[in-house]
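Peer 1: Sharing data18.tsv here; it has TSV, C-alpha atoms and all ligand atoms.
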chain	number	residue	atom	x	y	z
L	495	MET	CA	101.05	104.81	73.81
L	496	THR	CA	98.57	103.91	76.55
L	497	PRO	CA	100.25	101.64	79.12
L	498	PRO	CA	98.67	98.13	79.18
L	499	GLU	CA	97.27	98.66	82.70
L	500	LEU	CA	95.17	101.59	81.44
L	501	ARG	CA	93.77	99.79	78.37
L	502	PRO	CA	90.19	98.57	78.82
L	503	ASP	CA	90.63	95.74	76.30
L	504	VAL	CA	93.52	94.07	78.17
L	505	PRO	CA	92.68	92.25	81.45
L	506	HIS	CA	94.45	93.84	84.40
L	507	SER	CA	95.11	92.11	87.73
L	508	ALA	CA	93.84	94.94	89.96
L	509	ARG	CA	90.61	95.22	87.96
L	510	ILE	CA	90.16	91.42	87.98
L	511	TYR	CA	90.61	91.57	91.77
L	512	ASP	CA	88.08	94.42	91.91
L	513	TYR	CA	85.53	92.39	89.94
L	514	VAL	CA	85.97	89.29	92.13
L	515	LEU	CA	85.38	91.46	95.21
L	516	GLY	CA	82.18	92.85	93.68
L	517	GLY	CA	83.58	96.28	92.69
L	518	LYS	CA	82.70	98.46	89.72
L	519	ASP	CA	86.15	99.53	88.46
L	520	ASN	CA	86.49	96.85	85.80
L	521	PHE	CA	85.85	96.27	82.10
L	522	GLU	CA	84.46	93.41	80.00
L	523	ALA	CA	87.95	91.96	79.37
L	524	ASP	CA	88.59	91.87	83.13
L	525	ARG	CA	85.24	90.23	83.85
L	526	VAL	CA	85.84	87.51	81.24
L	527	ALA	CA	89.32	86.82	82.68
L	528	ALA	CA	87.94	86.83	86.23
L	529	GLU	CA	85.14	84.39	85.41
L	530	LYS	CA	87.74	82.07	83.87
L	531	MET	CA	89.81	82.25	87.06
L	532	LEU	CA	86.75	81.63	89.24
L	533	GLU	CA	85.85	78.57	87.17
L	534	GLY	CA	89.28	77.07	87.92
L	535	MET	CA	89.31	78.25	91.53
L	536	PRO	CA	85.78	78.78	92.88
L	537	SER	CA	87.09	79.62	96.37
L	538	LEU	CA	89.01	82.68	95.12
L	539	ARG	CA	86.16	85.02	96.04
L	540	VAL	CA	85.85	83.54	99.55
L	541	SER	CA	89.60	83.92	100.05
L	542	MET	CA	89.78	87.49	98.76
L	543	ARG	CA	86.85	88.55	100.91
L	544	ALA	CA	88.42	86.91	103.97
L	545	ASN	CA	91.59	88.86	103.18
L	546	ARG	CA	89.72	92.19	103.05
L	547	ARG	CA	88.03	91.33	106.35
L	548	PHE	CA	91.46	90.62	107.82
L	549	MET	CA	92.55	94.13	106.78
L	550	VAL	CA	89.48	95.53	108.54
L	551	LYS	CA	90.03	93.45	111.72
L	552	ALA	CA	93.76	94.23	111.89
L	553	ALA	CA	93.37	97.97	111.19
L	554	ARG	CA	90.60	98.31	113.74
L	555	PHE	CA	92.64	96.37	116.30
L	556	MET	CA	95.68	98.61	115.82
L	557	ALA	CA	93.51	101.75	116.06
L	558	ARG	CA	91.99	100.41	119.29
L	559	GLN	CA	95.53	99.93	120.63
L	560	GLY	CA	95.91	103.70	120.26
L	561	ILE	CA	97.79	104.02	116.95
L	562	ARG	CA	96.76	107.10	114.98
L	563	GLN	CA	99.07	106.96	111.93
L	564	PHE	CA	98.64	104.27	109.26
L	565	LEU	CA	100.89	103.48	106.30
L	566	ASP	CA	99.20	101.08	103.87
L	567	VAL	CA	101.54	99.81	101.13
L	568	GLY	CA	100.05	97.90	98.18
L	569	THR	CA	96.66	99.54	98.62
L	570	GLY	CA	94.95	98.36	95.44
L	571	LEU	CA	91.81	99.87	93.97
L	572	PRO	CA	89.35	101.52	96.35
L	573	THR	CA	87.17	98.82	97.93
L	574	HIS	CA	84.59	99.53	100.58
L	575	PRO	CA	85.40	99.70	103.41
L	576	ASN	CA	88.78	101.26	102.71
L	577	LEU	CA	91.34	101.28	105.51
L	578	HIS	CA	90.87	104.99	106.31
L	579	GLU	CA	87.14	104.44	106.70
L	580	VAL	CA	87.86	101.72	109.24
L	581	VAL	CA	90.45	103.58	111.31
L	582	GLN	CA	88.82	107.01	111.15
L	583	GLY	CA	85.59	105.26	112.19
L	584	GLU	CA	87.48	104.28	115.37
L	585	ALA	CA	89.57	107.42	115.74
L	586	PRO	CA	88.41	110.33	113.53
L	587	GLU	CA	91.77	112.12	113.89
L	588	ALA	CA	93.74	109.18	112.44
L	589	LYS	CA	96.09	109.91	109.53
L	590	VAL	CA	96.43	107.48	106.63
L	591	VAL	CA	98.99	107.34	103.81
L	592	TYR	CA	98.24	104.94	100.98
L	593	VAL	CA	101.08	103.71	98.73
L	594	ASP	CA	100.92	101.73	95.50
L	595	ASN	CA	103.12	101.54	92.39
L	596	ASP	CA	100.40	100.70	89.87
L	597	PRO	CA	99.41	103.56	87.53
L	598	LEU	CA	95.85	102.24	87.48
L	599	VAL	CA	95.55	102.57	91.26
L	600	LEU	CA	96.91	106.13	90.93
L	601	VAL	CA	94.11	106.91	88.45
L	602	HIS	CA	91.50	105.75	90.97
L	603	ALA	CA	93.24	107.17	94.04
L	604	ARG	CA	91.01	110.24	94.23
L	605	ALA	CA	88.22	107.99	95.50
L	606	LEU	CA	90.49	107.04	98.41
L	607	LEU	CA	91.22	110.57	99.45
L	608	ILE	CA	88.00	111.55	101.15
L	609	PRO	CA	88.53	111.48	104.91
L	610	VAL	CA	85.56	110.32	106.96
L	611	GLY	CA	86.95	111.96	110.10
L	612	THR	CA	89.00	115.02	111.00
L	613	GLY	CA	92.29	113.28	110.11
L	614	THR	CA	94.04	113.21	106.76
L	615	VAL	CA	94.29	110.75	103.88
L	616	SER	CA	97.11	110.95	101.32
L	617	TYR	CA	98.23	108.88	98.37
L	618	LEU	CA	101.79	108.23	97.33
L	619	ASP	CA	102.79	106.68	93.99
L	620	ALA	CA	105.83	104.71	95.21
L	621	ASP	CA	107.40	101.29	95.44
L	622	LEU	CA	107.54	99.03	98.51
L	623	ARG	CA	111.01	97.93	97.38
L	624	GLU	CA	112.27	101.43	98.17
L	625	PRO	CA	111.16	102.06	101.78
L	626	GLU	CA	113.58	104.96	102.28
L	627	ALA	CA	111.97	106.83	99.36
L	628	ILE	CA	108.54	106.29	100.96
L	629	PHE	CA	109.69	107.76	104.27
L	630	SER	CA	111.36	110.77	102.67
L	631	ALA	CA	108.28	111.56	100.52
L	632	LEU	CA	106.10	114.52	101.45
L	633	PRO	CA	102.99	112.75	102.82
L	634	ILE	CA	105.12	111.01	105.47
L	635	ARG	CA	107.74	113.71	106.03
L	636	ASP	CA	105.19	116.48	106.55
L	637	GLY	CA	102.10	114.45	107.42
L	638	PHE	CA	103.34	111.95	110.02
L	639	ASP	CA	105.03	112.52	113.35
L	640	LEU	CA	107.63	109.75	113.39
L	641	ALA	CA	108.16	110.28	117.12
L	642	GLN	CA	104.71	108.64	117.47
L	643	PRO	CA	103.81	105.01	116.57
L	644	VAL	CA	102.84	104.09	113.03
L	645	ALA	CA	100.88	101.01	111.91
L	646	VAL	CA	102.17	99.53	108.66
L	647	THR	CA	99.79	97.33	106.68
L	648	LEU	CA	101.17	95.03	103.97
L	649	ILE	CA	97.99	93.29	102.88
L	650	ALA	CA	98.28	90.87	99.96
L	651	VAL	CA	101.36	92.61	98.56
L	652	LEU	CA	104.42	90.64	99.73
L	653	GLN	CA	103.59	87.72	97.43
L	654	HIS	CA	104.75	90.01	94.61
L	655	ILE	CA	108.21	90.20	96.21
L	656	VAL	CA	109.14	86.67	95.25
L	657	ASP	CA	112.61	86.47	96.85
L	658	ASP	CA	112.37	85.63	100.57
L	659	ASP	CA	115.58	87.39	101.62
L	660	ILE	CA	114.57	90.54	99.76
L	661	ALA	CA	111.04	90.44	101.22
L	662	ARG	CA	112.37	90.10	104.81
L	663	ASP	CA	114.90	92.86	104.20
L	664	ILE	CA	112.17	95.19	102.88
L	665	VAL	CA	109.95	94.56	105.91
L	666	SER	CA	112.80	95.26	108.32
L	667	ARG	CA	113.70	98.49	106.45
L	668	VAL	CA	110.05	99.61	106.56
L	669	MET	CA	109.91	99.05	110.33
L	670	ALA	CA	113.42	100.41	111.13
L	671	PRO	CA	112.56	104.14	111.34
L	672	LEU	CA	109.46	103.52	113.49
L	673	VAL	CA	109.33	104.00	117.26
L	674	PRO	CA	108.39	101.26	119.78
L	675	GLY	CA	104.63	100.84	119.94
L	676	SER	CA	104.47	100.81	116.13
L	677	ALA	CA	102.74	97.83	114.53
L	678	LEU	CA	102.89	95.66	111.44
L	679	ALA	CA	100.06	93.72	109.82
L	680	ILE	CA	100.89	91.25	107.05
L	681	ALA	CA	98.60	89.11	104.92
L	682	ALA	CA	100.46	86.87	102.49
L	683	VAL	CA	99.49	84.26	99.92
L	684	THR	CA	99.81	80.56	100.75
L	685	THR	CA	98.89	77.35	98.97
L	686	GLU	CA	99.49	75.13	102.01
L	687	ASN	CA	95.81	74.39	102.52
L	688	ASP	CA	94.96	73.96	98.87
L	689	GLU	CA	93.61	70.40	98.55
L	690	ARG	CA	94.90	70.22	94.98
L	691	GLY	CA	98.46	70.87	96.09
L	692	GLY	CA	98.74	74.51	95.21
L	693	ASP	CA	100.08	74.47	91.66
L	694	HIS	CA	96.71	75.29	90.26
L	695	THR	CA	96.33	78.30	92.55
L	696	VAL	CA	99.73	79.70	91.67
L	697	GLN	CA	99.04	79.29	87.97
L	698	THR	CA	95.71	81.03	88.41
L	699	TYR	CA	97.44	84.00	90.04
L	700	ASN	CA	100.30	84.07	87.57
L	701	ARG	CA	97.92	84.01	84.64
L	702	SER	CA	96.74	87.43	85.80
L	703	GLY	CA	100.16	88.63	84.65
L	704	VAL	CA	101.89	89.25	87.98
L	705	PRO	CA	104.44	86.85	89.51
L	706	VAL	CA	103.26	85.44	92.81
L	707	ARG	CA	105.24	83.57	95.47
L	708	PRO	CA	103.03	81.57	97.85
L	709	ARG	CA	104.57	81.03	101.31
L	710	SER	CA	104.36	78.42	104.04
L	711	LEU	CA	103.30	79.32	107.58
L	712	GLY	CA	106.95	79.38	108.68
L	713	GLU	CA	107.92	81.62	105.77
L	714	VAL	CA	105.15	84.11	106.56
L	715	GLU	CA	106.13	84.11	110.25
L	716	ALA	CA	109.71	84.82	109.18
L	717	LEU	CA	108.57	87.97	107.34
L	718	PHE	CA	107.86	89.52	110.76
L	719	GLY	CA	111.53	89.08	111.76
L	720	ASP	CA	111.88	89.30	115.54
L	721	LEU	CA	108.75	91.43	116.08
L	722	PRO	CA	106.50	89.71	118.65
L	723	ARG	CA	103.13	88.73	117.21
L	724	VAL	CA	99.88	89.28	119.10
L	725	GLU	CA	97.51	86.35	119.66
L	726	PRO	CA	96.65	84.19	117.76
L	727	GLY	CA	99.94	84.66	115.88
L	728	VAL	CA	100.06	84.01	112.14
L	729	VAL	CA	97.02	82.01	111.03
L	730	LEU	CA	94.75	81.72	108.02
L	731	VAL	CA	93.14	85.15	107.76
L	732	HIS	CA	89.60	84.00	108.62
L	733	ARG	CA	90.99	82.49	111.86
L	734	TRP	CA	92.58	85.75	113.00
L	735	ARG	CA	90.16	87.08	115.64
L	736	PRO	CA	87.16	85.88	113.60
L	737	ALA	CA	84.28	88.24	112.98
L	738	GLY	CA	81.12	88.30	110.86
L	739	GLU	CA	81.31	86.02	107.85
L	740	ASP	CA	84.55	84.36	109.08
L	741	ALA	CA	82.52	81.71	110.86
L	742	GLY	CA	81.70	78.83	108.59
L	743	ILE	CA	84.58	79.34	106.16
L	744	GLU	CA	86.65	76.22	105.49
L	745	ASP	CA	90.44	76.34	105.70
L	746	LYS	CA	90.80	74.82	102.25
L	747	ASP	CA	89.07	77.85	100.71
L	748	VAL	CA	91.45	80.45	102.15
L	749	ALA	CA	94.82	81.11	100.52
L	750	MET	CA	96.12	83.83	102.85
L	751	TYR	CA	98.01	83.80	106.15
L	752	GLY	CA	97.84	86.91	108.31
L	753	GLY	CA	99.18	88.28	111.56
L	754	VAL	CA	99.86	91.46	113.54
L	755	ALA	CA	103.03	92.31	115.45
L	756	PHE	CA	104.14	95.23	117.64
L	757	LYS	CA	107.58	96.79	117.92
L	758	ARG	CA	108.87	96.84	121.51
B	801	LIG	C1	96.46	91.90	95.44
B	801	LIG	S1	96.49	93.64	95.55
B	801	LIG	C2	96.05	93.91	97.24
B	801	LIG	C3	95.23	95.15	97.47
B	801	LIG	C4	94.79	95.38	98.90
B	801	LIG	N1	95.92	95.58	99.80
B	801	LIG	C5	93.93	94.26	99.38
B	801	LIG	O1	94.43	93.35	100.06
B	801	LIG	O2	92.73	94.24	99.07
B	801	LIG	C6	98.24	94.01	95.54
B	801	LIG	C7	98.56	95.48	95.36
B	801	LIG	O3	99.95	95.68	95.63
B	801	LIG	C8	100.48	96.56	94.67
B	801	LIG	N2	101.93	96.32	94.57
B	801	LIG	C9	102.56	95.23	94.08
B	801	LIG	N3	103.89	95.37	94.15
B	801	LIG	C10	104.10	96.59	94.72
B	801	LIG	C11	105.28	97.33	95.05
B	801	LIG	N4	106.51	96.81	94.83
B	801	LIG	N5	105.15	98.55	95.62
B	801	LIG	C12	103.92	99.07	95.84
B	801	LIG	N6	102.76	98.42	95.54
B	801	LIG	C13	102.86	97.20	94.99
B	801	LIG	C14	99.73	96.22	93.39
B	801	LIG	O4	99.79	97.30	92.47
B	801	LIG	C15	98.33	95.98	93.93
B	801	LIG	O5	97.56	97.15	93.94
Please render this file's structure as structure tokens.
Ligand SMILES: C[S@@+](CC[C@H](N)C(=O)[O-])C[C@H]1O[C@@H](n2cnc3c(N)ncnc32)[C@H](O)[C@@H]1O
Peer 2:
Amino acid sequence: MTPPELRPDVPHSARIYDYVLGGKDNFEADRVAAEKMLEGMPSLRVSMRANRRFMVKAARFMARQGIRQFLDVGTGLPTHPNLHEVVQGEAPEAKVVYVDNDPLVLVHARALLIPVGTGTVSYLDADLREPEAIFSALPIRDGFDLAQPVAVTLIAVLQHIVDDDIARDIVSRVMAPLVPGSALAIAAVTTENDERGGDHTVQTYNRSGVPVRPRSLGEVEALFGDLPRVEPGVVLVHRWRPAGEDAGIEDKDVAMYGGVAFKR
């Protein structure tokens, strides 16, 4: 039987997300569900776009700091610009490994695998909850040099790990094998700035079929453990080193905190 995430007649969260971001990998059922979500939460599109821009700003920043290996976990469907396009635009030799556990993302992964530089791009069908399996898999074992720094990007994925202790443990296990100079970028869902108190937002997310745990500023900071964050610390994603369309966005419309830290 076709798994629900591959059925065009059943709305799927990644395809709803794709539609809201203006992508083409979605079906009628997804568009209907997405429009319903947007009716209840008109700022969703603003927030999602601000989140993608945060990914771009953070990835570019880490590439400019000299990092040449990128591990992106919870990649989602291909959305221009993809992370490898950003970092290989800065450093053509950069290597990127994408990881996601959704079969639908796997189906679309081919579109992610076209390097724009001389470096490599690989895709791994794996689970963030098993970091050791990620590091022992071929794309990392043979593709990365773990004696050199790695930038880990966890963009809009940790809200799916609803237990705080487990989420912090996962982040520390992901960073443990990496050498000093490695970096971590996190963007995580919050409802702290939602004028309606947040319940509505959480319900909107949960209706897409995936459990979501919004976090406070302190809880998102705690996900970084003792890794020192670069300026401006953890802030709403449009306030992190603002660029382009970030100007003019109101805090109440953004439901994501983000930050970047380096391992010493
Ligand atoms: C909201 S999307 C974010 C996509 C992209 N990072 C972005 O910000 O545009 C979350 C992604 O995380 C993936 N994901 C959720 N839980 C995961 C897990 N335990 N391991 C790997 N990927 C996971 C989902 O399949 C989905 O593609």
Peer 1: How big is the axis-aligned box around all listed atoms of ligand LIG 801 (chain B) once 8 Å goes on each side, and where's its centre, in Å to one decimal, as lines of an AutoDock Vina configuration file?
Peer 2:
center_x = 99.6
center_y = 95.5
center_z = 96.3
size_x = 29.8
size_y = 23.2
size_z = 23.6
Peer 1: Would you mind listing the residues within 9 Å of ligand LIG 801 (chain B), counting only C-alpha atoms and all ligand atoms, as JSON, numbers by chain?
Peer 2: {"L": [507, 508, 511, 512, 515, 542, 543, 545, 546, 548, 549, 566, 567, 568, 569, 570, 571, 572, 573, 576, 593, 594, 595, 596, 597, 598, 599, 619, 620, 621, 622, 623, 624, 647, 648, 649, 650, 651, 652, 653, 654, 655, 681, 704]}
Peer 1: Would you write out those residues with C-alpha atoms, as a compact mmCIF listing (two decimals), in the frame of the given file?
Peer 2:
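This went into selection.txt:
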# COMPACT_ATOMS: atom_id res chain seq x y z
CA SER L 507 95.11 92.11 87.73
CA ALA L 508 93.84 94.94 89.96
CA TYR L 511 90.61 91.57 91.77
CA ASP L 512 88.08 94.42 91.91
CA LEU L 515 85.38 91.46 95.21
CA MET L 542 89.78 87.49 98.76
CA ARG L 543 86.85 88.55 100.91
CA ASN L 545 91.59 88.86 103.18
CA ARG L 546 89.72 92.19 103.05
CA PHE L 548 91.46 90.62 107.82
CA MET L 549 92.55 94.13 106.78
CA ASP L 566 99.20 101.08 103.87
CA VAL L 567 101.54 99.81 101.13
CA GLY L 568 100.05 97.90 98.18
CA THR L 569 96.66 99.54 98.62
CA GLY L 570 94.95 98.36 95.44
CA LEU L 571 91.81 99.87 93.97
CA PRO L 572 89.35 101.52 96.35
CA THR L 573 87.17 98.82 97.93
CA ASN L 576 88.78 101.26 102.71
CA VAL L 593 101.08 103.71 98.73
CA ASP L 594 100.92 101.73 95.50
CA ASN L 595 103.12 101.54 92.39
CA ASP L 596 100.40 100.70 89.87
CA PRO L 597 99.41 103.56 87.53
CA LEU L 598 95.85 102.24 87.48
CA VAL L 599 95.55 102.57 91.26
CA ASP L 619 102.79 106.68 93.99
CA ALA L 620 105.83 104.71 95.21
CA ASP L 621 107.40 101.29 95.44
CA LEU L 622 107.54 99.03 98.51
CA ARG L 623 111.01 97.93 97.38
CA GLU L 624 112.27 101.43 98.17
CA THR L 647 99.79 97.33 106.68
CA LEU L 648 101.17 95.03 103.97
CA ILE L 649 97.99 93.29 102.88
CA ALA L 650 98.28 90.87 99.96
CA VAL L 651 101.36 92.61 98.56
CA LEU L 652 104.42 90.64 99.73
CA GLN L 653 103.59 87.72 97.43
CA HIS L 654 104.75 90.01 94.61
CA ILE L 655 108.21 90.20 96.21
CA ALA L 681 98.60 89.11 104.92
CA VAL L 704 101.89 89.25 87.98
Peer 1: If we count only C-alpha atoms, what is near L:Ile510 at a cut-off of 7 Å, once residues fewer than 2 positions away on the same chain are taken out, given as a PyMOL selection string?
Peer 2: chain L and resi 506-508+512-514+520+524-525+528
Peer 1: For each of L:Thr684, L:His732, L:Gly738, L:Val748, take the minimum atom-to-atom distance to L:Arg709, counting only C-alpha atoms, then give the residue where this is smallest.
Peer 2: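 Among the listed residues, L:Thr684 lies closest to L:Arg709.
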Peer 1: Hey, can you check how far atom CA of L:His602 sits from atom CA of L:Ala588?
Peer 2: 21.9 Å
Peer 1: Would you mind listing what lies within 12 Å of L:Ala749 as an MDAnalysis selection string, with only C-alpha atoms counted and same-chain residues fewer than 5 positions away left out?
Peer 2: chainID L and resid 535 537:545 650 653 681:689 691:692 694:696 699 707:711 729:732 743:744
Peer 1: In Å to one decimal, how far is atom CA of L:Ala605 from atom CA of L:Ala552?
Peer 2: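 Calculated distance between atom CA of L:Ala552 and atom CA of L:Ala605 is 22.1 Å.
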Peer 1: Expressed in Å to a single decimal, how great is the separation between atom CA of L:Ser666 and atom CA of L:Glu584?
Peer 2: 27.8 Å
Peer 1: Which of these residues is nearest to L:Ala716, using only C-alpha atoms: L:Met556, L:Val665, L:Val580, L:Leu672?
Peer 2: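 Of all the options, L:Val665 lies closest to L:Ala716.
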Peer 1: Of the candidates L:Glu522, L:Gly560, L:Leu678, L:Lys551, which shows the shortest atom-to-atom distance to L:Leu717, using all atoms listed in the file?
Peer 2: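 When distances to L:Leu717 are compared using all atoms listed in the file, the smallest one comes from L:Leu678.
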Peer 1: Taking all atoms listed in the file into account, which of L:Ala603, L:Ile634, L:Ile628, L:Val668 comes nearest L:Lys589?
Peer 2: L:Ile634
Peer 1: Which one is closest to L:Arg723: L:Ala677, L:Tyr751, L:Gly742, L:Arg501? Count all atoms listed in the file.
Peer 2: L:Ala677
Peer 1: Might you pull out every residue within 9 Å of L:Leu607, with only C-alpha atoms counted and same-chain residues fewer than 5 positions away left off, and present them as a PyMOL selection string?
Peer 2: chain L and resi 578+614-617
Peer 1: Which of these, L:Pro625, L:Pro536, L:Pro633, L:Pro722, has the shortest distance to L:Ser676 once you count all atoms listed in the file?
Peer 2: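 With all atoms listed in the file as the atom set, the closest residue is L:Pro722.
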Peer 1: Taking 6 positions as the minimum chain separation for residues in the same chain, which residues sit within 8 Å of L:Gln563 when counting all atoms listed in the file? Answer as a list in words.
Peer 2: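 Those residues are Ala588, Lys589, Val590, Phe638, Pro643, Val644 and Ala645 of chain L.
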Peer 1: Show me, as a PDB file with C-alpha atoms, in the frame of the given file, the residues that have an atom within 8 Å of L:Phe521 when counting only C-alpha atoms, minus same-chain residues fewer than 2 positions from it.
Peer 2:
ATOM      1  CA  PRO L 502      90.190  98.570  78.820  1.00  0.00           C
ATOM      2  CA  ASP L 503      90.630  95.740  76.300  1.00  0.00           C
ATOM      3  CA  PRO L 505      92.680  92.250  81.450  1.00  0.00           C
ATOM      4  CA  ARG L 509      90.610  95.220  87.960  1.00  0.00           C
ATOM      5  CA  ASP L 519      86.150  99.530  88.460  1.00  0.00           C
ATOM      6  CA  ALA L 523      87.950  91.960  79.370  1.00  0.00           C
ATOM      7  CA  ASP L 524      88.590  91.870  83.130  1.00  0.00           C
ATOM      8  CA  ARG L 525      85.240  90.230  83.850  1.00  0.00           C
TER       9      ARG L 525
END
